[in-house]
Every structure is written in C-alpha cells, then in structure tokens.
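Novice: So I've got this file, input-v6.pdb, and it contains PDB, C-alpha atoms and all ligand atoms:
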```pdb
ATOM      1  CA  MET A 378      10.490  16.877  -8.536
ATOM      2  CA  ARG A 379      13.577  14.907  -9.297
ATOM      3  CA  ASN A 380      13.507  11.191  -9.198
ATOM      4  CA  TRP A 381      15.690  10.474  -6.201
ATOM      5  CA  LEU A 382      16.872   7.435  -8.032
ATOM      6  CA  ALA A 383      17.978   9.371 -11.058
ATOM      7  CA  VAL A 384      20.822  10.716  -8.917
ATOM      8  CA  ALA A 385      23.325  12.449 -11.266
ATOM      9  CA  GLY A 386      23.784  16.160 -11.748
ATOM     10  CA  ALA A 387      21.179  18.830 -11.323
ATOM     11  CA  LEU A 388      18.848  19.356 -14.198
ATOM     12  CA  VAL A 389      16.092  21.895 -14.256
ATOM     13  CA  ALA A 390      12.833  20.188 -15.055
ATOM     14  CA  ALA A 391      10.901  21.814 -17.856
ATOM     15  CA  LEU A 392       7.434  20.787 -18.817
ATOM     16  CA  ALA A 393       7.378  18.806 -22.010
ATOM     17  CA  THR A 394       5.013  19.963 -24.658
ATOM     18  CA  ILE A 395       2.152  17.669 -25.545
ATOM     19  CA  ALA A 396       3.613  17.321 -29.030
ATOM     20  CA  GLY A 397       6.964  16.399 -27.595
ATOM     21  CA  SER A 398       5.456  13.731 -25.423
ATOM     22  CA  ALA A 399       3.475  12.295 -28.291
ATOM     23  CA  ALA A 400       6.604  11.954 -30.382
ATOM     24  CA  TRP A 401       8.276  10.030 -27.632
ATOM     25  CA  PHE A 402       5.351   7.719 -27.199
ATOM     26  CA  GLU A 403       5.397   6.911 -30.881
ATOM     27  CA  ARG A 404       8.940   5.750 -30.577
ATOM     28  CA  ASP A 405       8.017   3.693 -27.570
ATOM     29  CA  THR A 406       6.031   1.105 -29.427
ATOM     30  CA  VAL A 407       9.018  -1.192 -29.378
ATOM     31  CA  GLY A 408       9.222  -0.829 -25.621
ATOM     32  CA  TRP A 409       6.400  -0.729 -23.135
ATOM     33  CA  GLY A 410       3.666  -3.219 -23.813
ATOM     34  CA  SER A 411       5.268  -4.878 -26.793
ATOM     35  CA  ALA A 412       4.031  -8.432 -26.771
ATOM     36  CA  PRO A 413       6.832 -10.848 -25.970
ATOM     37  CA  PRO A 414       6.808 -14.284 -27.559
ATOM     38  CA  PRO A 415       4.846 -16.618 -25.303
ATOM     39  CA  ARG A 416       7.166 -18.410 -22.930
ATOM     40  CA  ARG A 417       7.010 -19.773 -19.465
ATOM     41  CA  ILE A 418       8.725 -17.820 -16.739
ATOM     42  CA  ALA A 419       9.666 -19.969 -13.766
ATOM     43  CA  ASP A 420       9.140 -18.067 -10.529
ATOM     44  CA  ASP A 421      11.901 -19.838  -8.665
ATOM     45  CA  MET A 422      14.674 -18.561  -6.443
ATOM     46  CA  VAL A 423      18.454 -18.822  -6.523
ATOM     47  CA  PHE A 424      20.443 -20.039  -3.523
ATOM     48  CA  VAL A 425      23.271 -17.898  -2.159
ATOM     49  CA  PRO A 426      25.483 -19.641   0.405
ATOM     50  CA  ALA A 427      26.464 -18.181   3.761
ATOM     51  CA  GLY A 428      29.786 -16.415   3.736
ATOM     52  CA  VAL A 429      31.805 -13.302   4.289
ATOM     53  CA  TYR A 430      31.637 -11.342   1.062
ATOM     54  CA  THR A 431      33.448  -8.263  -0.153
ATOM     55  CA  ILE A 432      31.074  -5.605  -1.454
ATOM     56  CA  GLY A 433      31.103  -1.837  -1.983
ATOM     57  CA  ASP A 434      31.176   0.755  -4.721
ATOM     58  CA  ASP A 435      34.259   2.872  -4.078
ATOM     59  CA  GLN A 436      35.481   1.187  -0.964
ATOM     60  CA  ALA A 437      35.593  -2.441   0.085
ATOM     61  CA  ARG A 438      33.557  -3.589   3.008
ATOM     62  CA  GLN A 439      32.867  -7.027   4.368
ATOM     63  CA  ALA A 440      29.350  -8.383   4.604
ATOM     64  CA  LYS A 441      28.764 -11.497   6.678
ATOM     65  CA  LEU A 442      25.623 -13.188   5.419
ATOM     66  CA  ALA A 443      23.605 -16.230   6.365
ATOM     67  CA  ALA A 444      22.430 -18.367   3.480
ATOM     68  CA  PHE A 445      19.409 -17.048   1.602
ATOM     69  CA  ARG A 446      17.459 -17.399  -1.606
ATOM     70  CA  ILE A 447      16.533 -14.574  -3.923
ATOM     71  CA  ASP A 448      14.012 -14.346  -6.767
ATOM     72  CA  ARG A 449      15.426 -15.224 -10.147
ATOM     73  CA  HIS A 450      13.561 -12.290 -11.694
ATOM     74  CA  GLU A 451      11.881  -9.056 -10.680
ATOM     75  CA  VAL A 452       8.309  -9.479  -9.393
ATOM     76  CA  THR A 453       6.048  -9.310 -12.429
ATOM     77  CA  ASN A 454       2.664  -7.743 -13.064
ATOM     78  CA  ARG A 455       1.276 -11.286 -13.190
ATOM     79  CA  GLN A 456       2.602 -12.052  -9.719
ATOM     80  CA  PHE A 457       1.493  -8.733  -8.264
ATOM     81  CA  ALA A 458      -1.960  -9.210  -9.758
ATOM     82  CA  ASP A 459      -2.201 -12.587  -7.991
ATOM     83  CA  PHE A 460      -1.399 -10.825  -4.715
ATOM     84  CA  VAL A 461      -3.962  -8.081  -5.272
ATOM     85  CA  ARG A 462      -6.606 -10.594  -6.319
ATOM     86  CA  ALA A 463      -6.013 -12.623  -3.155
ATOM     87  CA  THR A 464      -5.865  -9.725  -0.710
ATOM     88  CA  ALA A 465      -7.700  -6.772  -2.296
ATOM     89  CA  TYR A 466      -4.578  -4.783  -1.469
ATOM     90  CA  VAL A 467      -4.627  -1.116  -2.450
ATOM     91  CA  THR A 468      -1.240   0.375  -3.313
ATOM     92  CA  THR A 469       0.114   3.683  -2.052
ATOM     93  CA  ALA A 470      -0.304   5.239  -5.504
ATOM     94  CA  GLU A 471      -3.913   4.091  -5.724
ATOM     95  CA  ARG A 472      -4.634   5.569  -2.298
ATOM     96  CA  GLU A 473      -2.976   8.847  -3.195
ATOM     97  CA  GLY A 474      -4.496   8.883  -6.684
ATOM     98  CA  SER A 475      -1.210   9.836  -8.332
ATOM     99  CA  ALA A 476       2.326   8.594  -8.857
ATOM    100  CA  TRP A 477       5.577   9.564 -10.534
ATOM    101  CA  ILE A 478       6.067   8.704 -14.163
ATOM    102  CA  TYR A 479       8.487   9.660 -16.889
ATOM    103  CA  ARG A 480       6.780  10.497 -20.147
ATOM    104  CA  GLY A 481       9.755  11.240 -22.317
ATOM    105  CA  GLY A 482      11.351  14.522 -23.157
ATOM    106  CA  ASP A 483      13.216  16.625 -20.641
ATOM    107  CA  ALA A 484      10.316  17.048 -18.198
ATOM    108  CA  ASP A 485      12.005  14.534 -15.946
ATOM    109  CA  TRP A 486       9.368  13.112 -13.593
ATOM    110  CA  SER A 487       5.721  14.127 -13.362
ATOM    111  CA  TYR A 488       3.267  13.384 -10.574
ATOM    112  CA  VAL A 489       0.438  12.070 -12.688
ATOM    113  CA  ARG A 490      -3.149  11.614 -11.583
ATOM    114  CA  GLY A 491      -4.400   8.115 -12.350
ATOM    115  CA  ALA A 492      -0.946   6.558 -12.581
ATOM    116  CA  ASP A 493      -0.692   3.299 -10.661
ATOM    117  CA  TRP A 494       0.621  -0.212 -11.182
ATOM    118  CA  ARG A 495      -2.239  -1.058 -13.555
ATOM    119  CA  HIS A 496      -1.680   2.198 -15.465
ATOM    120  CA  PRO A 497       2.080   2.557 -15.587
ATOM    121  CA  LEU A 498       2.015   5.469 -18.044
ATOM    122  CA  GLY A 499      -1.043   7.083 -16.494
ATOM    123  CA  PRO A 500      -4.670   7.084 -17.656
ATOM    124  CA  GLY A 501      -5.160   5.285 -20.951
ATOM    125  CA  SER A 502      -2.264   2.920 -20.395
ATOM    126  CA  ASP A 503      -2.623  -0.645 -19.193
ATOM    127  CA  ILE A 504      -0.648  -3.812 -18.497
ATOM    128  CA  ASP A 505      -2.690  -6.144 -20.699
ATOM    129  CA  ARG A 506       0.351  -7.065 -22.760
ATOM    130  CA  ALA A 507       2.824  -6.704 -19.951
ATOM    131  CA  ARG A 508       2.070  -9.606 -17.652
ATOM    132  CA  GLU A 509       5.696 -10.674 -17.558
ATOM    133  CA  HIS A 510       7.069  -7.155 -17.205
ATOM    134  CA  PRO A 511       8.210  -6.101 -13.743
ATOM    135  CA  VAL A 512       5.504  -4.395 -11.709
ATOM    136  CA  VAL A 513       6.200  -0.664 -11.306
ATOM    137  CA  LEU A 514       4.640   2.242  -9.410
ATOM    138  CA  VAL A 515       4.942   0.278  -6.208
ATOM    139  CA  SER A 516       6.077   1.983  -3.022
ATOM    140  CA  TRP A 517       8.440   0.371  -0.532
ATOM    141  CA  TYR A 518       5.371  -0.373   1.590
ATOM    142  CA  ASP A 519       3.674  -2.095  -1.342
ATOM    143  CA  ALA A 520       6.761  -4.210  -1.966
ATOM    144  CA  ASN A 521       6.843  -5.280   1.668
ATOM    145  CA  ALA A 522       3.144  -6.100   1.650
ATOM    146  CA  TYR A 523       3.605  -8.346  -1.382
ATOM    147  CA  ALA A 524       6.622 -10.031   0.196
ATOM    148  CA  ARG A 525       4.753 -10.733   3.434
ATOM    149  CA  TRP A 526       1.863 -12.235   1.495
ATOM    150  CA  ALA A 527       4.268 -14.432  -0.441
ATOM    151  CA  GLY A 528       5.961 -15.627   2.756
ATOM    152  CA  GLN A 529       9.095 -13.786   1.744
ATOM    153  CA  ARG A 530      10.811 -10.482   2.478
ATOM    154  CA  LEU A 531      12.807  -7.845   0.676
ATOM    155  CA  PRO A 532      16.510  -8.645   0.427
ATOM    156  CA  THR A 533      18.846  -6.584   2.547
ATOM    157  CA  GLU A 534      21.056  -4.224   0.640
ATOM    158  CA  ALA A 535      24.073  -6.475   1.246
ATOM    159  CA  GLU A 536      22.201  -9.588   0.150
ATOM    160  CA  TRP A 537      21.109  -7.846  -3.023
ATOM    161  CA  GLU A 538      24.646  -6.775  -3.875
ATOM    162  CA  VAL A 539      26.205 -10.160  -3.137
ATOM    163  CA  ALA A 540      23.605 -11.810  -5.346
ATOM    164  CA  ALA A 541      24.116  -9.249  -8.103
ATOM    165  CA  ARG A 542      27.879  -9.777  -8.040
ATOM    166  CA  GLY A 543      27.344 -13.509  -8.308
ATOM    167  CA  GLY A 544      30.592 -14.388  -6.586
ATOM    168  CA  VAL A 545      32.783 -11.880  -8.410
ATOM    169  CA  PRO A 546      34.489  -9.455  -6.012
ATOM    170  CA  PRO A 547      34.242  -5.750  -6.851
ATOM    171  CA  GLN A 548      36.968  -4.074  -8.892
ATOM    172  CA  PHE A 549      37.484  -0.687  -7.297
ATOM    173  CA  GLY A 550      38.384   2.373  -9.304
ATOM    174  CA  THR A 551      37.201   0.903 -12.558
ATOM    175  CA  HIS A 552      33.660   2.222 -12.900
ATOM    176  CA  ALA A 553      32.790   2.152 -16.525
ATOM    177  CA  ASN A 554      30.356   4.951 -17.283
ATOM    178  CA  ALA A 555      29.181   3.391 -20.508
ATOM    179  CA  ALA A 556      25.876   1.574 -20.415
ATOM    180  CA  PRO A 557      26.227  -2.178 -20.210
ATOM    181  CA  ALA A 558      25.238  -3.879 -23.439
ATOM    182  CA  THR A 559      23.390  -6.786 -21.926
ATOM    183  CA  THR A 560      20.597  -5.216 -19.939
ATOM    184  CA  ASN A 561      17.728  -2.765 -20.310
ATOM    185  CA  VAL A 562      19.035   0.743 -19.689
ATOM    186  CA  TRP A 563      19.002   3.980 -21.713
ATOM    187  CA  GLN A 564      21.400   4.042 -24.626
ATOM    188  CA  GLY A 565      22.143   7.467 -25.999
ATOM    189  CA  HIS A 566      22.203  10.968 -24.544
ATOM    190  CA  TRP A 567      19.324  11.633 -22.121
ATOM    191  CA  PRO A 568      16.857  13.149 -22.786
ATOM    192  CA  GLN A 569      17.309  13.913 -26.464
ATOM    193  CA  ARG A 570      18.018  10.454 -27.713
ATOM    194  CA  ASN A 571      17.295   6.890 -26.737
ATOM    195  CA  THR A 572      18.692   4.657 -29.475
ATOM    196  CA  LEU A 573      16.694   1.699 -28.151
ATOM    197  CA  ALA A 574      19.696  -0.480 -28.902
ATOM    198  CA  ASP A 575      18.419  -2.905 -26.283
ATOM    199  CA  GLY A 576      14.926  -2.863 -27.807
ATOM    200  CA  PHE A 577      13.030  -1.203 -24.962
ATOM    201  CA  PHE A 578      12.208   2.331 -23.908
ATOM    202  CA  TYR A 579      10.403   1.404 -20.702
ATOM    203  CA  THR A 580      10.415  -1.991 -19.015
ATOM    204  CA  ALA A 581      11.294  -5.214 -20.773
ATOM    205  CA  PRO A 582       9.721  -8.569 -19.956
ATOM    206  CA  VAL A 583      11.770 -10.182 -17.198
ATOM    207  CA  GLU A 584      14.443 -12.588 -18.426
ATOM    208  CA  SER A 585      14.798 -10.799 -21.761
ATOM    209  CA  PHE A 586      18.554 -10.532 -21.284
ATOM    210  CA  ALA A 587      21.237 -12.976 -20.215
ATOM    211  CA  PRO A 588      21.376 -13.795 -16.489
ATOM    212  CA  ASN A 589      24.365 -13.116 -14.249
ATOM    213  CA  ARG A 590      26.760 -15.837 -13.178
ATOM    214  CA  ILE A 591      24.351 -17.379 -10.690
ATOM    215  CA  GLY A 592      21.288 -17.255 -12.909
ATOM    216  CA  LEU A 593      19.684 -14.001 -11.770
ATOM    217  CA  TYR A 594      18.044 -11.811 -14.376
ATOM    218  CA  ASP A 595      17.949  -8.024 -14.634
ATOM    219  CA  MET A 596      19.792  -7.346 -11.384
ATOM    220  CA  ILE A 597      21.242  -4.467 -13.347
ATOM    221  CA  GLY A 598      18.749  -2.401 -15.298
ATOM    222  CA  ASN A 599      15.094  -2.845 -16.237
ATOM    223  CA  VAL A 600      13.735  -1.528 -12.889
ATOM    224  CA  TRP A 601      15.383  -0.367  -9.682
ATOM    225  CA  GLU A 602      14.720  -2.819  -6.880
ATOM    226  CA  TRP A 603      13.696  -1.819  -3.387
ATOM    227  CA  THR A 604      15.726  -3.375  -0.596
ATOM    228  CA  ALA A 605      14.842  -3.733   3.073
ATOM    229  CA  ASP A 606      17.361  -1.179   4.278
ATOM    230  CA  ALA A 607      17.256   2.500   5.152
ATOM    231  CA  TYR A 608      19.728   4.659   3.237
ATOM    232  CA  ASP A 609      21.259   6.215   6.338
ATOM    233  CA  THR A 610      20.667   6.729  10.039
ATOM    234  CA  GLU A 611      17.966   9.323   9.411
ATOM    235  CA  GLN A 612      15.774   6.445   8.249
ATOM    236  CA  THR A 613      13.772   8.644   5.890
ATOM    237  CA  LEU A 614      14.892   7.024   2.642
ATOM    238  CA  ARG A 615      15.068   3.421   1.560
ATOM    239  CA  VAL A 616      17.731   1.902  -0.658
ATOM    240  CA  ALA A 617      17.015   0.661  -4.152
ATOM    241  CA  ARG A 618      19.607  -1.023  -6.320
ATOM    242  CA  GLY A 619      20.593  -1.797  -9.873
ATOM    243  CA  GLY A 620      19.465   1.151 -11.986
ATOM    244  CA  SER A 621      16.674   1.046 -14.550
ATOM    245  CA  TRP A 622      15.561   1.671 -18.127
ATOM    246  CA  PHE A 623      15.948   5.376 -17.291
ATOM    247  CA  CYS A 624      19.685   5.171 -16.558
ATOM    248  CA  SER A 625      21.869   6.736 -19.226
ATOM    249  CA  ALA A 626      25.593   7.387 -19.156
ATOM    250  CA  ASN A 627      25.090  11.166 -18.986
ATOM    251  CA  TYR A 628      22.345  11.318 -16.354
ATOM    252  CA  CYS A 629      22.139   8.259 -14.167
ATOM    253  CA  ALA A 630      25.055   5.925 -14.620
ATOM    254  CA  ALA A 631      23.874   3.825 -11.708
ATOM    255  CA  TYR A 632      23.806   0.536 -13.544
ATOM    256  CA  ARG A 633      26.332  -1.294 -11.437
ATOM    257  CA  GLU A 634      26.249  -3.707  -8.537
ATOM    258  CA  GLY A 635      27.608  -1.364  -5.874
ATOM    259  CA  PHE A 636      25.576   1.782  -6.548
ATOM    260  CA  ARG A 637      23.228   2.850  -3.752
ATOM    261  CA  GLY A 638      20.008   4.386  -5.052
ATOM    262  CA  LYS A 639      17.573   5.987  -2.608
ATOM    263  CA  SER A 640      13.970   7.039  -2.486
ATOM    264  CA  PRO A 641      11.286   7.968   0.047
ATOM    265  CA  PRO A 642       9.423   4.762   0.932
ATOM    266  CA  ASP A 643       6.019   6.181   0.010
ATOM    267  CA  HIS A 644       7.058   7.256  -3.492
ATOM    268  CA  ALA A 645       6.083   5.159  -6.490
ATOM    269  CA  PHE A 646       7.946   5.580  -9.790
ATOM    270  CA  ASN A 647       7.500   3.756 -13.063
ATOM    271  CA  ASN A 648      11.128   2.701 -13.050
ATOM    272  CA  VAL A 649      11.125   1.107  -9.597
ATOM    273  CA  GLY A 650      10.054  -2.429  -8.702
ATOM    274  CA  PHE A 651      11.460  -5.165  -6.489
ATOM    275  CA  ARG A 652      12.263  -8.807  -6.031
ATOM    276  CA  CYS A 653      12.002 -10.917  -2.902
ATOM    277  CA  ALA A 654      14.317 -13.031  -0.790
ATOM    278  CA  ILE A 655      13.878 -15.658   1.889
ATOM    279  CA  SER A 656      16.181 -16.873   4.648
ATOM    280  CA  GLU A 657      17.301 -20.483   4.449
TER     281      GLU A 657
HETATM  282 CA    CA B 701      16.284   0.502 -22.921
HETATM  283 CA    CA B 702      16.524  -4.687 -11.949
END
```
Is it possible to express this structure as structure tokens?
Ligand SMILES: [Ca+2]
Ligand SMILES: [Ca+2]
Specialist:
Amino acid sequence: MRNWLAVAGALVAALATIAGSAAWFERDTVGWGSAPPPRRIADDMVFVPAGVYTIGDDQARQAKLAAFRIDRHEVTNRQFADFVRATAYVTTAEREGSAWIYRGGDADWSYVRGADWRHPLGPGSDIDRAREHPVVLVSWYDANAYARWAGQRLPTEAEWEVAARGGVPPQFGTHANAAPATTNVWQGHWPQRNTLADGFFYTAPVESFAPNRIGLYDMIGNVWEWTADAYDTEQTLRVARGGSWFCSANYCAAYREGFRGKSPPDHAFNNVGFRCAISE
C-alpha cells in the first residue's frame, strides 16, 4: 500500500527486515518523542482578511474568501487528548485496530495492528513525551469530529493555501525540488538516508521552526494537514496540504504551498494531522 500522500514515482514496497527497522529506530532518538524544552504553546488563531487571492501550483486561479481565522499550529496530542477525555471519542484507527505507519527502511507504509494516535509507531510506542507534537493517525472523520467539538471546522483547501502563502502570490514555474531548510521534512535520499539536518525523523513539537509571514507554524512540513475539501468530483478522496516529515526531494517533494495531497478519508497515517479554522 502506497501512502497516497507520498505521491511521487512508483516504488515497489519491500518488507523491511527486523534488523533494518531496528537500525532506523536507533537513529530516531533525536526525532520522535525527544523531550522539547518546556515552553508554553499558545493555542490561538491567526486572522486572514477577506479578499480575492491568487493561488495554484502550476496555474493561477482566483479564490474569493470571506474572512477567517486559522490555528497558529497543528492540533497537538495535548489538544486531541482533551477532546477524547471530554467526549470518549474513538478514532477510526482504534475502531479498525490498525493504521498506516512508516517504520523506516524501504518498506514504505505498513498497516500495523495496534497503531493509533496514542501509539504512533505501533505497540510499544507512546506519546508521553510528545504532548506538543501534532496528533497523527487521525482520519479525516476524526479531524472533523475534533473540529466540531472545538466549535471550529477544517479549513477549505483555498483557505489553507492562502494562509500558507501569507500574502505572497505564487511564483509559477519556479518549483524548487530541494527541501526547504526551515521546516521538518526529510533531508537526504529516501529511503537510504535521512541526515536529520532539521533534527527530527518523525514529528517535531509544533512551533519548532520559524513561522510564515503571518505567524503560522509548520504549514509546510511536520505533518500533512487534512482540509475540508474533496480532491475531485468523485468525492472519494480528501485533500491534505503541506507535506510532512516523510517528504524528501527524491520521493515526495510536496513541501510547497500549492501542492494538492490526497488520501481516502478513512485512512490514518503517522504523517498526517490537521489544524482548524473558524469563520469570522
Ligand atoms: Ca526531518
Ligand atoms: Ca504541517
């Protein structure tokens, strides 16, 4: 099973050996679960004024938007835990008993029993030291359930892109394939090498990197973010945006504002999360 959000060229998935996986986990100590210095994360939102904005990846299109606010950072494990505590919500992955995780090596994505938002690397993993990391292994339905509880909603695809661009119109025909230096993506050639130049193999605590021009963190990288919209008229896939820690230049150069990722709404991956928006 390919991660729909990995996009990029075909690659035959081969099962990683146990030894191979172990080696990758060893190198991961700097990434998933590393304890960030204690700091207070403000869960506020950023205002985006009404307007007609130019967006698009290869081609300009106009998006007419009403004013809205969007979360400054991806929804964290701490926030999602508050939701689950208040509602006893059970996620899609918990109901199904399995979810999609990447365990290093060239096995691509594995449907792992016991993987869910509390166990983002499967059984034996936890989020004890990852309260301020983005929640992962949440389906599109889970993201919507959280948003409803919070009195919010998922941003539309256009809202997400306008916010990510932060007022800078797209420059067409200038896609840089190289990984951006100021966000959590995959540096090096996937899958053989992750240089960890950004310090993280998996997720980073939100707000670990500089914000964009309007104060939004991790719009690009860290985790893909579900949006409200269907990918096309077939309505079977939902759009996610921004790329993730899994995106490398050779496999998934999706770490840009205009790139349209897609995934079935009931799939949960450990590189996909979300943030919320609210209409003014
Ligand atoms: Ca990284
Ligand atoms: Ca992100």
Novice: Neighbours of ligand CA 702 (chain B) at 7 Å or closer, counting all atoms listed in the file: which residues, as a list in words?
Specialist: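 Residues satisfying the distance criterion: Glu451, Asp595, Met596, Ile597, Gly598, Asn599, Val600, Trp601, Glu602, Gly619, Gly620 and Ser621 of chain A.
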Novice: Take the residues from that selection and put them in a file with C-alpha atoms, as a CSV table (one decimal), in the frame of the given file.
Specialist:
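Produced file part_20.csv, reproduced below:
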```
chain,number,residue,atom,x,y,z
A,451,GLU,CA,11.9,-9.1,-10.7
A,595,ASP,CA,17.9,-8.0,-14.6
A,596,MET,CA,19.8,-7.3,-11.4
A,597,ILE,CA,21.2,-4.5,-13.3
A,598,GLY,CA,18.7,-2.4,-15.3
A,599,ASN,CA,15.1,-2.8,-16.2
A,600,VAL,CA,13.7,-1.5,-12.9
A,601,TRP,CA,15.4,-0.4,-9.7
A,602,GLU,CA,14.7,-2.8,-6.9
A,619,GLY,CA,20.6,-1.8,-9.9
A,620,GLY,CA,19.5,1.2,-12.0
A,621,SER,CA,16.7,1.0,-14.6
```
Novice: Quick one: residues within 10 Å of Pro588 in chain A, all atoms listed in the file counted, chain neighbours fewer than 4 positions away excluded, as a list of chain:residue names?
Specialist: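 Here the answer would be A:Arg449, A:His450, A:Ala541, A:Thr559, A:Thr560, A:Glu584, A:Gly592, A:Leu593, A:Tyr594, A:Asp595, A:Met596, A:Ile597.
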Novice: Residues within 7 Å of Arg615 in chain A, please, as a ChimeraX atom specification. Count all atoms listed in the file; anything in the same chain fewer than 4 positions from it doesn't count.
Specialist: /A:606-608,639-642
Novice: Could I get the residue neighbourhood of ligand CA 701 (chain B) at 7 Å, counting only C-alpha atoms and all ligand atoms, as a list of chain:residue names?
Specialist: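 Going residue by residue within 7 Å of ligand CA 701 (chain B), we get A:Asn561, A:Val562, A:Trp563, A:Gln564, A:Leu573, A:Ala574, A:Asp575, A:Gly576, A:Phe577, A:Phe578, A:Tyr579, A:Trp622.
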Novice: How far is it from CA of Val467 in chain A to CA of Ile655 in chain A, in Å with one decimal?
Specialist: 23.9 Å
Novice: Residues within 12 Å of Gln548 in chain A, please, as a PyMOL selection string. Count only C-alpha atoms; anything in the same chain fewer than 5 positions from it doesn't count.
Specialist: chain A and resi 431-437+542+553+633-635
Novice: Looking at A:Phe646, A:Tyr518, A:Phe651, A:Phe457, which one is nearest to Ala476 in chain A, with distances taken over all atoms listed in the file?
Specialist: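 Between A:Phe646, A:Tyr518, A:Phe651, A:Phe457, the residue approaching Ala476 in chain A most closely is A:Phe646.
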Novice: Just need the box for range 534-551 of chain A, edges along x, y and z, holding every atom the file lists for it with 8 Å tacked onto each side, so centre and edge lengths in Å to one decimal, as lines of an AutoDock Vina configuration file.
Specialist:
```
center_x = 29.7
center_y = -6.0
center_z = -5.7
size_x = 33.3
size_y = 32.8
size_z = 29.8
```
Novice: My list of candidates is A:Val545, A:Ala520, A:Gly491, A:Ile591. Which is closest to Pro532 in chain A when distances are computed with all atoms listed in the file?
Specialist: A:Ala520
Novice: Distance CA of Val512 in chain A-CA of Thr453 in chain A, one decimal place?
Specialist: 5.0 Å
